[in-house]
>>> print(open('entry_2.csv').read())   # CSV, C-alpha atoms
chain,number,residue,atom,x,y,z
K,1,MET,CA,-0.4,97.5,54.7
K,2,ASP,CA,-1.6,99.8,52.0
K,3,GLN,CA,-0.9,97.2,49.4
K,4,SER,CA,-2.9,94.5,51.1
K,5,ARG,CA,-5.8,97.0,51.4
K,6,THR,CA,-6.1,97.5,47.6
K,7,LEU,CA,-5.7,93.8,47.2
K,8,GLU,CA,-8.6,93.1,49.6
K,9,ILE,CA,-10.7,95.7,47.8
K,10,TRP,CA,-10.1,94.0,44.5
K,11,VAL,CA,-11.1,90.6,45.9
K,12,GLY,CA,-14.2,92.3,47.3
K,13,VAL,CA,-15.0,93.7,43.9
K,14,PHE,CA,-14.5,90.3,42.3
K,15,ILE,CA,-16.7,88.4,44.8
K,16,ALA,CA,-19.4,91.1,44.5
K,17,LEU,CA,-19.2,90.8,40.7
K,18,GLY,CA,-19.5,87.1,40.8
K,19,LEU,CA,-22.5,87.2,43.2
K,20,ALA,CA,-24.1,89.9,41.0
K,21,ALA,CA,-23.7,87.6,38.0
K,22,LEU,CA,-25.4,84.8,39.9
K,23,VAL,CA,-28.3,87.1,40.8
K,24,VAL,CA,-28.6,88.2,37.1
K,25,LEU,CA,-28.6,84.6,36.0
K,26,ALA,CA,-31.3,83.8,38.6
K,27,MET,CA,-33.6,86.8,38.2
K,28,GLN,CA,-33.1,88.1,34.7
K,29,VAL,CA,-32.2,84.9,32.7
K,30,SER,CA,-34.1,82.2,34.4
K,31,ASN,CA,-37.7,81.7,35.6
K,32,LEU,CA,-37.1,82.3,39.3
K,33,ALA,CA,-39.0,85.6,39.2
K,34,SER,CA,-42.1,84.0,37.8
K,35,TYR,CA,-41.9,80.8,39.9
K,36,THR,CA,-45.3,80.0,41.3
K,37,ARG,CA,-44.2,77.2,43.6
K,38,GLU,CA,-44.5,79.4,46.7
K,39,GLU,CA,-48.0,80.5,45.8
K,40,SER,CA,-50.8,78.5,47.2
K,41,VAL,CA,-52.7,76.4,44.7
K,42,TYR,CA,-55.7,74.2,44.4
K,43,HIS,CA,-56.1,71.1,42.2
K,44,LEU,CA,-58.5,70.2,39.5
K,45,THR,CA,-58.4,67.1,37.4
K,46,ALA,CA,-59.5,66.7,33.8
K,47,ARG,CA,-59.7,63.5,31.7
K,48,PHE,CA,-58.6,63.5,28.1
K,49,ASP,CA,-58.7,60.8,25.4
K,50,ASN,CA,-55.3,62.0,24.1
K,51,ILE,CA,-53.0,64.6,25.6
K,52,GLY,CA,-50.6,64.8,22.7
K,53,GLY,CA,-47.3,66.3,23.9
K,54,LEU,CA,-48.5,67.8,27.2
K,55,LYS,CA,-46.0,67.6,30.0
K,56,VAL,CA,-45.8,68.2,33.7
K,57,ARG,CA,-45.2,71.9,34.2
K,58,SER,CA,-46.9,72.9,31.0
K,59,PRO,CA,-48.9,76.1,31.5
K,60,VAL,CA,-52.7,76.3,32.1
K,61,SER,CA,-54.3,79.5,30.8
K,62,VAL,CA,-57.6,81.1,30.6
K,63,GLY,CA,-58.1,83.6,27.8
K,64,GLY,CA,-54.4,83.6,27.2
K,65,VAL,CA,-53.6,84.5,30.9
K,66,ARG,CA,-51.5,81.9,32.7
K,67,VAL,CA,-53.3,80.8,35.9
K,68,GLY,CA,-51.5,77.6,36.8
K,69,ARG,CA,-49.6,74.6,35.5
K,70,VAL,CA,-50.0,70.9,34.9
K,71,ASP,CA,-48.6,69.1,38.0
K,72,GLY,CA,-49.4,65.5,37.3
K,73,ILE,CA,-50.2,63.2,34.4
K,74,ASP,CA,-51.5,59.7,34.9
K,75,PHE,CA,-53.4,57.0,33.0
K,76,ASP,CA,-56.6,55.4,34.2
K,77,MET,CA,-56.6,51.7,33.4
K,78,ASN,CA,-60.4,51.4,33.9
K,79,THR,CA,-61.5,54.0,31.4
K,80,PHE,CA,-58.4,54.2,29.3
K,81,GLU,CA,-58.2,57.9,29.6
K,82,ALA,CA,-55.3,60.2,30.5
K,83,VAL,CA,-55.9,62.0,33.8
K,84,VAL,CA,-54.3,65.4,34.0
K,85,SER,CA,-54.0,67.1,37.4
K,86,LEU,CA,-54.0,70.9,37.2
K,87,ALA,CA,-52.5,73.2,39.9
K,88,ILE,CA,-54.4,76.5,39.7
K,89,ALA,CA,-53.4,79.6,41.8
K,90,SER,CA,-55.8,80.1,44.7
K,91,ARG,CA,-56.7,83.6,43.6
K,92,TYR,CA,-58.4,82.2,40.5
K,93,ASN,CA,-60.9,80.1,42.5
K,94,LYS,CA,-64.3,80.9,41.0
K,95,PHE,CA,-64.4,78.8,37.8
K,96,PRO,CA,-68.0,77.6,37.0
K,97,ALA,CA,-68.6,73.9,37.3
K,98,ASP,CA,-69.2,73.6,33.5
K,99,THR,CA,-65.8,75.0,32.6
K,100,SER,CA,-64.3,73.1,29.7
K,101,ALA,CA,-60.6,72.2,29.1
K,102,GLN,CA,-58.8,72.0,25.8
K,103,ILE,CA,-55.3,71.2,24.8
K,104,PHE,CA,-53.8,73.7,22.4
K,105,THR,CA,-50.4,74.2,20.9
K,106,ALA,CA,-48.7,77.6,21.2
K,107,GLY,CA,-47.8,78.5,17.6
K,108,LEU,CA,-47.4,75.8,14.9
K,109,LEU,CA,-44.5,74.0,16.6
K,110,GLY,CA,-44.7,75.4,20.1
K,111,GLU,CA,-45.3,73.7,23.4
K,112,GLN,CA,-48.7,72.4,24.3
K,113,TYR,CA,-50.8,73.9,27.1
K,114,VAL,CA,-54.2,73.5,28.7
K,115,ALA,CA,-56.8,76.2,27.9
K,116,LEU,CA,-59.8,76.5,30.2
K,117,GLU,CA,-63.0,78.1,28.9
K,118,PRO,CA,-65.4,79.2,31.7
K,119,GLY,CA,-69.0,78.2,31.3
K,120,GLY,CA,-72.1,79.8,32.8
K,121,ASP,CA,-72.9,77.6,35.8
K,122,THR,CA,-73.5,79.2,39.2
K,123,GLU,CA,-71.8,76.4,41.0
K,124,VAL,CA,-68.0,76.8,41.2
K,125,LEU,CA,-65.2,74.2,40.9
K,126,LYS,CA,-63.7,73.3,44.3
K,127,ASP,CA,-60.3,71.9,45.2
K,128,GLY,CA,-60.2,68.3,43.9
K,129,GLY,CA,-63.0,69.0,41.4
K,130,GLU,CA,-63.1,67.5,38.0
K,131,ILE,CA,-63.6,69.3,34.7
K,132,HIS,CA,-66.0,67.1,32.7
K,133,LEU,CA,-66.0,68.9,29.3
K,134,THR,CA,-62.7,68.2,27.7
K,135,GLN,CA,-61.3,68.2,24.2
K,136,SER,CA,-58.2,66.2,23.3
K,137,ALA,CA,-55.1,67.5,21.7
K,138,LEU,CA,-55.0,67.7,18.0
K,139,VAL,CA,-52.5,65.2,16.7
K,140,LEU,CA,-51.2,66.3,13.4
K,141,GLU,CA,-50.8,62.8,12.0
K,142,GLN,CA,-54.5,62.1,12.7
K,143,ILE,CA,-55.6,65.3,11.0
K,144,ILE,CA,-53.5,64.6,7.9
K,145,GLY,CA,-54.7,61.0,7.9
K,146,GLN,CA,-58.4,62.1,8.0
K,147,PHE,CA,-57.8,64.7,5.3
K,148,LEU,CA,-56.3,62.1,3.0
K,149,TYR,CA,-59.1,59.7,3.8
K,150,ASN,CA,-61.7,62.3,2.9
K,151,LYS,CA,-59.9,63.2,-0.2
K,152,ALA,CA,-59.8,59.6,-1.3
K,153,ASP,CA,-63.5,59.3,-0.5
K,154,GLY,CA,-64.4,62.4,-2.5
K,155,SER,CA,-62.6,61.4,-5.6
K,156,LYS,CA,-64.5,58.2,-6.0
Y,1,MET,CA,7.5,41.1,22.3
Y,2,ILE,CA,8.3,40.6,26.0
Y,3,GLU,CA,10.0,44.0,26.0
Y,4,ARG,CA,7.0,45.7,24.5
Y,5,LEU,CA,4.8,44.1,27.2
Y,6,GLN,CA,7.3,45.2,29.9
Y,7,GLN,CA,7.2,48.7,28.5
Y,8,LEU,CA,3.4,48.7,28.6
Y,9,GLY,CA,3.4,47.4,32.1
Y,10,ARG,CA,5.9,50.0,33.3
Y,11,SER,CA,4.0,52.9,31.9
Y,12,GLY,CA,0.8,51.5,33.4
Y,13,LEU,CA,2.4,51.2,36.8
Y,14,LEU,CA,3.9,54.7,36.5
Y,15,PHE,CA,0.4,56.1,35.6
Y,16,PHE,CA,-1.2,54.5,38.6
Y,17,GLU,CA,1.6,55.5,40.9
Y,18,ARG,CA,1.2,59.1,39.8
Y,19,LEU,CA,-2.6,58.9,40.2
Y,20,GLY,CA,-2.1,57.5,43.7
Y,21,ARG,CA,0.3,60.2,44.6
Y,22,GLY,CA,-2.2,62.7,43.3
Y,23,VAL,CA,-5.0,61.3,45.4
Y,24,LEU,CA,-2.8,61.3,48.5
Y,25,PHE,CA,-1.8,64.8,47.8
Y,26,LEU,CA,-5.5,65.8,47.5
Y,27,LEU,CA,-6.3,64.1,50.8
Y,28,GLN,CA,-3.4,66.0,52.5
Y,29,VAL,CA,-4.8,69.3,51.1
Y,30,LEU,CA,-8.3,68.5,52.3
Y,31,ALA,CA,-7.1,67.5,55.7
Y,32,GLY,CA,-5.3,70.8,56.0
Y,33,ALA,CA,-8.5,72.8,55.2
Y,34,TRP,CA,-9.2,73.7,58.8
Y,35,GLU,CA,-5.8,75.4,59.0
Y,36,LEU,CA,-7.1,78.0,56.6
Y,37,VAL,CA,-9.5,79.6,59.2
Y,38,PRO,CA,-6.8,81.6,61.1
Y,39,ARG,CA,-5.0,82.4,57.8
Y,40,LEU,CA,-7.8,84.1,55.8
Y,41,ALA,CA,-5.3,86.8,54.6
Y,42,LEU,CA,-3.5,84.0,52.6
Y,43,LEU,CA,-6.7,83.0,51.0
Y,44,ILE,CA,-7.6,86.5,50.0
Y,45,ARG,CA,-4.2,87.0,48.5
Y,46,GLN,CA,-4.6,83.9,46.4
Y,47,ILE,CA,-8.2,84.8,45.3
Y,48,TYR,CA,-6.6,88.0,44.0
Y,49,ALA,CA,-3.9,86.1,42.1
Y,50,ILE,CA,-6.3,83.4,40.8
Y,51,GLY,CA,-9.7,85.1,40.5
Y,52,VAL,CA,-9.2,88.8,40.1
Y,53,LEU,CA,-6.3,88.5,37.6
Y,54,SER,CA,-8.4,86.1,35.5
Y,55,LEU,CA,-11.3,88.5,35.4
Y,56,LEU,CA,-10.3,90.5,32.3
Y,57,ILE,CA,-9.9,87.4,30.0
Y,58,ILE,CA,-13.2,86.0,31.3
Y,59,LEU,CA,-15.1,89.2,30.8
Y,60,ILE,CA,-13.8,89.7,27.3
Y,61,SER,CA,-14.2,86.1,26.2
Y,62,GLY,CA,-17.7,85.9,27.7
Y,63,LEU,CA,-18.7,89.0,25.8
Y,64,PHE,CA,-17.4,87.8,22.5
Y,65,VAL,CA,-18.7,84.3,22.9
Y,66,GLY,CA,-22.2,85.7,23.6
Y,67,MET,CA,-22.0,88.0,20.6
Y,68,VAL,CA,-20.9,85.3,18.3
Y,69,LEU,CA,-23.6,82.9,19.6
Y,70,GLY,CA,-26.1,85.7,18.8
Y,71,LEU,CA,-24.9,86.2,15.3
Y,72,GLN,CA,-24.6,82.5,14.4
Y,73,GLY,CA,-27.9,81.6,16.0
Y,74,TYR,CA,-29.7,84.3,14.2
Y,75,ASN,CA,-28.7,83.0,10.8
Y,76,THR,CA,-30.3,79.6,11.5
Y,77,LEU,CA,-33.3,80.8,13.5
Y,78,VAL,CA,-34.4,83.5,11.0
Y,79,ASP,CA,-35.1,80.8,8.4
Y,80,PHE,CA,-37.8,79.4,10.6
Y,81,GLY,CA,-39.1,82.9,11.7
Y,82,ALA,CA,-38.0,82.0,15.2
Y,83,GLU,CA,-35.5,84.7,15.9
Y,84,GLU,CA,-37.3,85.5,19.1
Y,85,SER,CA,-35.9,82.2,20.4
Y,86,LEU,CA,-32.4,83.6,20.1
Y,87,GLY,CA,-32.4,84.6,23.8
Y,88,VAL,CA,-33.2,81.1,24.8
Y,89,MET,CA,-30.5,79.6,22.6
Y,90,VAL,CA,-27.8,82.0,23.8
Y,91,ALA,CA,-28.8,81.7,27.5
Y,92,LEU,CA,-29.1,77.9,27.5
Y,93,SER,CA,-25.9,77.3,25.6
Y,94,LEU,CA,-24.0,79.7,27.9
Y,95,VAL,CA,-25.5,78.6,31.2
Y,96,ARG,CA,-25.4,74.9,30.5
Y,97,GLU,CA,-22.2,74.4,28.5
Y,98,LEU,CA,-20.1,77.2,27.3
Y,99,GLY,CA,-20.0,79.2,30.6
Y,100,PRO,CA,-18.6,76.4,32.7
Y,101,VAL,CA,-16.5,74.7,30.0
Y,102,VAL,CA,-14.9,77.7,28.3
Y,103,SER,CA,-14.2,79.5,31.5
Y,104,ALA,CA,-12.6,76.3,32.9
Y,105,LEU,CA,-10.4,76.1,29.8
Y,106,LEU,CA,-9.4,79.7,30.1
Y,107,PHE,CA,-9.0,79.3,33.9
Y,108,ALA,CA,-6.6,76.4,33.3
Y,109,GLY,CA,-4.6,78.4,30.8
Y,110,ARG,CA,-4.6,81.6,32.8
Y,111,ALA,CA,-4.5,80.6,36.4
Y,112,GLY,CA,-3.6,76.8,36.4
Y,113,SER,CA,-0.4,77.3,34.4
Y,114,ALA,CA,0.6,80.1,36.7
Y,115,LEU,CA,0.0,78.0,39.8
Y,116,THR,CA,2.1,75.1,38.4
Y,117,ALA,CA,4.9,77.3,37.3
Y,118,GLU,CA,4.9,79.1,40.7
Y,119,ILE,CA,5.0,76.0,42.8
Y,120,GLY,CA,7.4,74.2,40.5
Y,121,ILE,CA,9.9,77.1,40.7
Y,122,MET,CA,9.4,77.2,44.5
Y,123,LYS,CA,10.3,73.6,44.5
Y,124,ALA,CA,13.2,74.0,42.1
Y,125,THR,CA,14.7,76.9,44.1
Y,126,GLU,CA,14.2,74.8,47.3
Y,127,GLN,CA,11.8,77.3,48.9
Y,128,LEU,CA,9.5,74.4,49.8
Y,129,SER,CA,12.3,72.4,51.5
Y,130,SER,CA,13.5,75.5,53.4
Y,131,MET,CA,10.0,75.9,54.7
Y,132,GLU,CA,10.1,72.4,55.9
Y,133,MET,CA,13.4,73.2,57.6
Y,134,MET,CA,11.6,75.9,59.5
Y,135,ALA,CA,8.9,73.4,60.6
Y,136,VAL,CA,6.4,75.1,58.3
Y,137,ASP,CA,4.3,72.6,56.4
Y,138,PRO,CA,4.5,73.7,52.7
Y,139,VAL,CA,1.2,71.9,51.9
Y,140,ARG,CA,-0.7,73.9,54.5
Y,141,ARG,CA,1.1,77.2,54.0
Y,142,VAL,CA,1.4,77.2,50.2
Y,143,ILE,CA,-1.0,74.6,48.7
Y,144,VAL,CA,-4.1,74.8,50.8
Y,145,PRO,CA,-4.9,78.6,50.3
Y,146,ARG,CA,-4.3,78.2,46.5
Y,147,PHE,CA,-6.6,75.2,46.3
Y,148,PHE,CA,-9.5,76.8,48.0
Y,149,ALA,CA,-9.0,80.1,46.2
Y,150,GLY,CA,-9.3,78.2,42.9
Y,151,LEU,CA,-12.3,76.2,44.1
Y,152,LEU,CA,-14.1,79.5,45.1
Y,153,SER,CA,-13.0,81.6,42.1
Y,154,MET,CA,-14.0,79.2,39.4
Y,155,PRO,CA,-17.8,79.2,39.9
Y,156,LEU,CA,-17.8,83.0,40.3
Y,157,LEU,CA,-15.8,83.3,37.0
Y,158,ALA,CA,-18.1,81.0,35.2
Y,159,ALA,CA,-21.2,82.9,36.4
Y,160,ILE,CA,-19.6,86.2,35.3
Y,161,PHE,CA,-18.8,84.6,31.9
Y,162,SER,CA,-22.4,83.4,31.4
Y,163,ALA,CA,-24.0,86.7,32.6
Y,164,VAL,CA,-21.7,88.8,30.4
Y,165,GLY,CA,-22.3,86.4,27.5
Y,166,VAL,CA,-26.0,86.8,27.8
Y,167,TYR,CA,-25.6,90.6,27.6
Y,168,GLY,CA,-23.3,90.2,24.6
Y,169,GLY,CA,-26.0,88.1,22.9
Y,170,TYR,CA,-28.6,90.7,23.8
Y,171,PHE,CA,-26.5,93.5,22.4
Y,172,VAL,CA,-26.1,91.7,19.0
Y,173,ALA,CA,-29.7,90.4,18.8
Y,174,VAL,CA,-31.6,93.5,20.0
Y,175,GLY,CA,-29.1,96.2,19.2
Y,176,LEU,CA,-27.8,95.0,15.8
Y,177,LEU,CA,-30.2,92.5,14.4
Y,178,GLY,CA,-33.5,94.0,15.5
Y,179,VAL,CA,-34.9,91.2,17.5
Y,180,ASP,CA,-37.7,92.3,19.7
Y,181,ASP,CA,-36.5,93.3,23.2
Y,182,GLY,CA,-39.4,92.0,25.2
Y,183,SER,CA,-39.7,88.6,23.5
Y,184,PHE,CA,-35.9,88.1,23.8
Y,185,TRP,CA,-36.1,88.3,27.6
Y,186,SER,CA,-39.5,86.8,28.1
Y,187,GLN,CA,-38.8,83.7,26.0
Y,188,MET,CA,-35.5,83.3,27.8
Y,189,GLN,CA,-37.2,83.5,31.2
Y,190,ALA,CA,-39.9,81.1,30.2
Y,191,LYS,CA,-37.4,78.4,29.0
Y,192,VAL,CA,-34.4,78.7,31.3
Y,193,ASP,CA,-35.0,76.8,34.6
Y,194,ILE,CA,-33.4,77.9,37.8
Y,195,TYR,CA,-32.8,74.3,39.0
Y,196,ASP,CA,-32.3,72.3,35.8
Y,197,ASP,CA,-30.1,74.8,34.0
Y,198,ILE,CA,-28.6,77.4,36.3
Y,199,ARG,CA,-28.0,75.1,39.3
Y,200,ASN,CA,-26.5,72.4,37.1
Y,201,GLY,CA,-24.2,74.9,35.4
Y,202,ILE,CA,-22.9,76.0,38.8
Y,203,ILE,CA,-22.4,72.4,39.9
Y,204,LYS,CA,-20.4,71.9,36.7
Y,205,SER,CA,-18.2,74.9,37.3
Y,206,PHE,CA,-17.5,73.7,40.9
Y,207,VAL,CA,-16.4,70.3,39.7
Y,208,PHE,CA,-14.2,71.9,37.0
Y,209,GLY,CA,-12.7,74.3,39.5
Y,210,PHE,CA,-11.9,71.4,41.8
Y,211,VAL,CA,-10.3,69.3,39.1
Y,212,VAL,CA,-8.3,72.1,37.3
Y,213,THR,CA,-6.9,73.5,40.6
Y,214,TRP,CA,-6.0,70.0,41.8
Y,215,ILE,CA,-4.2,69.1,38.6
Y,216,ALA,CA,-2.3,72.4,38.5
Y,217,LEU,CA,-1.2,72.2,42.1
Y,218,PHE,CA,-0.3,68.5,41.9
Y,219,GLU,CA,1.7,69.0,38.7
Y,220,GLY,CA,3.6,71.9,40.3
Y,221,TYR,CA,4.3,70.0,43.6
Y,222,ASP,CA,5.3,66.9,41.7
Y,223,ALA,CA,7.4,68.6,39.0
Y,224,LEU,CA,11.1,67.7,38.5
Y,225,PRO,CA,13.0,70.5,40.2
Y,226,THR,CA,14.7,71.7,37.0
Y,227,SER,CA,13.8,74.3,34.5
Y,228,GLU,CA,12.8,71.7,32.0
Y,229,GLY,CA,10.8,69.8,34.6
Y,230,VAL,CA,8.8,73.0,35.5
Y,231,SER,CA,8.2,73.7,31.8
Y,232,ARG,CA,6.9,70.2,31.2
Y,233,ALA,CA,4.7,70.3,34.3
Y,234,THR,CA,3.2,73.6,33.1
Y,235,THR,CA,2.4,72.1,29.7
Y,236,ARG,CA,0.9,69.0,31.3
Y,237,THR,CA,-1.3,71.1,33.5
Y,238,VAL,CA,-2.9,72.8,30.5
Y,239,VAL,CA,-3.2,69.6,28.5
Y,240,HIS,CA,-4.5,67.4,31.3
Y,241,SER,CA,-6.9,70.1,32.5
Y,242,ALA,CA,-8.4,70.4,29.1
Y,243,PHE,CA,-8.8,66.6,28.8
Y,244,ALA,CA,-10.3,66.4,32.3
Y,245,VAL,CA,-12.7,69.3,31.8
Y,246,LEU,CA,-14.0,68.0,28.4
Y,247,GLY,CA,-14.3,64.4,29.6
Y,248,LEU,CA,-16.0,65.3,32.8
Y,249,ASP,CA,-18.3,67.7,31.0
Y,250,PHE,CA,-19.6,64.8,28.9
Y,251,VAL,CA,-20.2,62.7,32.0
Y,252,LEU,CA,-21.9,65.5,33.9
Y,253,THR,CA,-24.0,66.4,31.0
Y,254,ALA,CA,-25.1,62.8,30.5
Y,255,LEU,CA,-26.0,62.6,34.2
Y,256,MET,CA,-27.8,65.9,34.4
Y,257,PHE,CA,-29.5,66.4,31.1
Y,258,GLY,CA,-29.4,63.1,29.2
Y,259,ASP,CA,-31.8,60.3,30.2
Y,260,ILE,CA,-29.1,57.7,30.3
>>> encode(input="entry_2.csv", output="structure tokens")
Amino acid sequence: MDQSRTLEIWVGVFIALGLAALVVLAMQVSNLASYTREESVYHLTARFDNIGGLKVRSPVSVGGVRVGRVDGIDFDMNTFEAVVSLAIASRYNKFPADTSAQIFTAGLLGEQYVALEPGGDTEVLKDGGEIHLTQSALVLEQIIGQFLYNKADGSK
Amino acid sequence: MIERLQQLGRSGLLFFERLGRGVLFLLQVLAGAWELVPRLALLIRQIYAIGVLSLLIILISGLFVGMVLGLQGYNTLVDFGAEESLGVMVALSLVRELGPVVSALLFAGRAGSALTAEIGIMKATEQLSSMEMMAVDPVRRVIVPRFFAGLLSMPLLAAIFSAVGVYGGYFVAVGLLGVDDGSFWSQMQAKVDIYDDIRNGIIKSFVFGFVVTWIALFEGYDALPTSEGVSRATTRTVVHSAFAVLGLDFVLTALMFGDI
């Protein structure tokens, strides 16, 4: 009887350790703690000529603070523009109507994100609203190409 | 020429016969699963033998694998000034690959071989047939608790391996190499996804636990009832488990992470 008791205690310790490891993996190692899926969001769209390497789930930030994420990327066959849908947390719901959106890269080789720059309009963007002022992603090849082109032009 | 062909045919038939027996054995075990409910004490005893006794080797290997990943990754990443990404590298390689795979290999060596030898010797000393004489089904009494104990222990062991490994990497990166504490964790949390990475790693470890325990129990149950037969069965358990784990790992990785 006593022997089976210690055995059961050890099995209990083992299972508790295993579950604790799962919790550590979920909370400490992964992004579960910062998951914004539960939070209520509203949607904005923005049209870009070129979105570079932007992906679904890329962050959306204002002044470096993360306020939402990209939740859809589509291509409009009428205007030949990329349509990016942004899910913004509901507590950030007072962006002026002339807010502009830009696609930046975090660091030299980092992931790309959408940065919003609030304007000065008194009207605010509502759910389903569209951001009209946008600036495309910088594509490194284009910049290098332009630079070489200018260089060749100047040396003439 | 004809003899060669005959030999090939015979080994092929033997292989498929064995495979068929293995599948029938598995079905028999799964059909006996409900018998486990009134016999939870048997399951707990087997979780002790399979899980708790494998804990030490899993803890130590996890710690050292994590520390080595930290050291090796640092050498490469520091060239690009990206040593803050060390946490991401350690966590992703552990959670996605090394945690499930290495702990399954250790599990096969530590627990699988013990299972095969135990059941093989039970068979060789006719304990299994004497159970049948007493109208006790040896599959339900001996095999089923061991199978489910293995199936439950393996994911827990893999999770412990990964978690300990991450802390081993943290110790080396932050404690010894001077990587910044905050960015180690925050980059890791930003890049490791609960569904894509952690859930898939757990699915992997379930599959490996299933396959390794199945192989170990079948080899023991199917062993020739001699000392040589048991020894061969034990060797086969370790070798076949390693093949199965590494092969399945490729398939699972391709399904989960590759865009094939």
>>> closest_atom_pairs(input="entry_2.csv", of="chain K", to="chain Y", cutoff="6 Å", atoms="all atoms listed in the file", output="Markdown table")
| residue | atom | partner | partner_atom | distance |
| --- | --- | --- | --- | --- |
| K:Val11 | CA | Y:Tyr48 | CA | 5.5 |
| K:Phe14 | CA | Y:Val52 | CA | 5.9 |
| K:Gly18 | CA | Y:Leu156 | CA | 4.5 |
| K:Ala21 | CA | Y:Ile160 | CA | 5.1 |
| K:Leu22 | CA | Y:Ala159 | CA | 5.8 |
| K:Val29 | CA | Y:Gln189 | CA | 5.4 |
| K:Ser30 | CA | Y:Gln189 | CA | 4.6 |
| K:Asn31 | CA | Y:Gln189 | CA | 4.8 |
| K:Leu32 | CA | Y:Ile194 | CA | 5.9 |
>>> residues_around(input="entry_2.csv", residues="Ala82 of chain K", least_positions_apart="6", cutoff="6 Å", atoms="only C-alpha atoms", output="list in words")
Arg47, Phe48, Asp74 and Phe75 of chain K
>>> write_last_selection(input="entry_2.csv", atoms="C-alpha atoms", output="PDB file, keeping the file's coordinate frame")
ATOM      1  CA  ARG K  47     -59.700  63.500  31.700  1.00  0.00           C
ATOM      2  CA  PHE K  48     -58.600  63.500  28.100  1.00  0.00           C
ATOM      3  CA  ASP K  74     -51.500  59.700  34.900  1.00  0.00           C
ATOM      4  CA  PHE K  75     -53.400  57.000  33.000  1.00  0.00           C
TER       5      PHE K  75
END
>>> closest_residue(input="entry_2.csv", among="K:Gly128, K:Leu86, K:Leu19, K:Ala97", to="Val67 of chain K", atoms="all atoms listed in the file")
K:Leu86
>>> residues_around(input="entry_2.csv", residues="Leu125 of chain K", least_positions_apart="2", cutoff="7 Å", atoms="only C-alpha atoms", output="number ranges by chain")
K: 94-97, 123, 127, 129
>>> atom_distance(input="entry_2.csv", atom1="atom CA of Val65 of chain K", atom2="atom CA of Ser93 of chain Y")
29.1 Å
>>> residues_around(input="entry_2.csv", residues="Glu111 of chain K", least_positions_apart="6", cutoff="8 Å", atoms="only C-alpha atoms", output="ChimeraX atom specification")
/K:53-54,58,105
>>> atom_distance(input="entry_2.csv", atom1="atom CA of Leu30 of chain Y", atom2="atom CA of Phe206 of chain Y")
15.5 Å
>>> atom_distance(input="entry_2.csv", atom1="atom CA of Gly22 of chain Y", atom2="atom CA of Phe218 of chain Y")
6.3 Å
>>> decode(input="entry_2.csv", residues="segment 230-241 of chain Y", atoms="N, CA and C atoms", output="PDB file, in the first residue's frame")
ATOM      1  N   VAL Y 230      14.740 -12.566 -27.593  1.00  0.00           N
ATOM      2  CA  VAL Y 230      14.441 -11.343 -26.859  1.00  0.00           C
ATOM      3  C   VAL Y 230      15.499 -10.282 -27.141  1.00  0.00           C
ATOM      4  N   SER Y 231      16.748 -10.719 -27.186  1.00  0.00           N
ATOM      5  CA  SER Y 231      17.819  -9.761 -27.455  1.00  0.00           C
ATOM      6  C   SER Y 231      17.662  -9.132 -28.837  1.00  0.00           C
ATOM      7  N   ARG Y 232      17.314  -9.978 -29.827  1.00  0.00           N
ATOM      8  CA  ARG Y 232      17.111  -9.431 -31.176  1.00  0.00           C
ATOM      9  C   ARG Y 232      15.925  -8.485 -31.227  1.00  0.00           C
ATOM     10  N   ALA Y 233      14.860  -8.870 -30.532  1.00  0.00           N
ATOM     11  CA  ALA Y 233      13.654  -8.022 -30.544  1.00  0.00           C
ATOM     12  C   ALA Y 233      13.967  -6.662 -29.942  1.00  0.00           C
ATOM     13  N   THR Y 234      14.773  -6.650 -28.867  1.00  0.00           N
ATOM     14  CA  THR Y 234      15.102  -5.376 -28.227  1.00  0.00           C
ATOM     15  C   THR Y 234      15.897  -4.489 -29.177  1.00  0.00           C
ATOM     16  N   THR Y 235      16.875  -5.104 -29.868  1.00  0.00           N
ATOM     17  CA  THR Y 235      17.644  -4.332 -30.839  1.00  0.00           C
ATOM     18  C   THR Y 235      16.734  -3.772 -31.921  1.00  0.00           C
ATOM     19  N   ARG Y 236      15.839  -4.653 -32.421  1.00  0.00           N
ATOM     20  CA  ARG Y 236      14.946  -4.212 -33.504  1.00  0.00           C
ATOM     21  C   ARG Y 236      14.073  -3.057 -33.042  1.00  0.00           C
ATOM     22  N   THR Y 237      13.628  -3.091 -31.792  1.00  0.00           N
ATOM     23  CA  THR Y 237      12.796  -1.992 -31.283  1.00  0.00           C
ATOM     24  C   THR Y 237      13.509  -0.663 -31.444  1.00  0.00           C
ATOM     25  N   VAL Y 238      14.775  -0.634 -30.983  1.00  0.00           N
ATOM     26  CA  VAL Y 238      15.484   0.643 -31.016  1.00  0.00           C
ATOM     27  C   VAL Y 238      15.725   1.078 -32.457  1.00  0.00           C
ATOM     28  N   VAL Y 239      16.149   0.122 -33.304  1.00  0.00           N
ATOM     29  CA  VAL Y 239      16.476   0.486 -34.691  1.00  0.00           C
ATOM     30  C   VAL Y 239      15.220   0.899 -35.459  1.00  0.00           C
ATOM     31  N   HIS Y 240      14.178   0.080 -35.358  1.00  0.00           N
ATOM     32  CA  HIS Y 240      12.963   0.406 -36.123  1.00  0.00           C
ATOM     33  C   HIS Y 240      12.299   1.680 -35.606  1.00  0.00           C
ATOM     34  N   SER Y 241      12.348   1.882 -34.284  1.00  0.00           N
ATOM     35  CA  SER Y 241      11.769   3.114 -33.754  1.00  0.00           C
ATOM     36  C   SER Y 241      12.505   4.327 -34.303  1.00  0.00           C
TER      37      SER Y 241
END
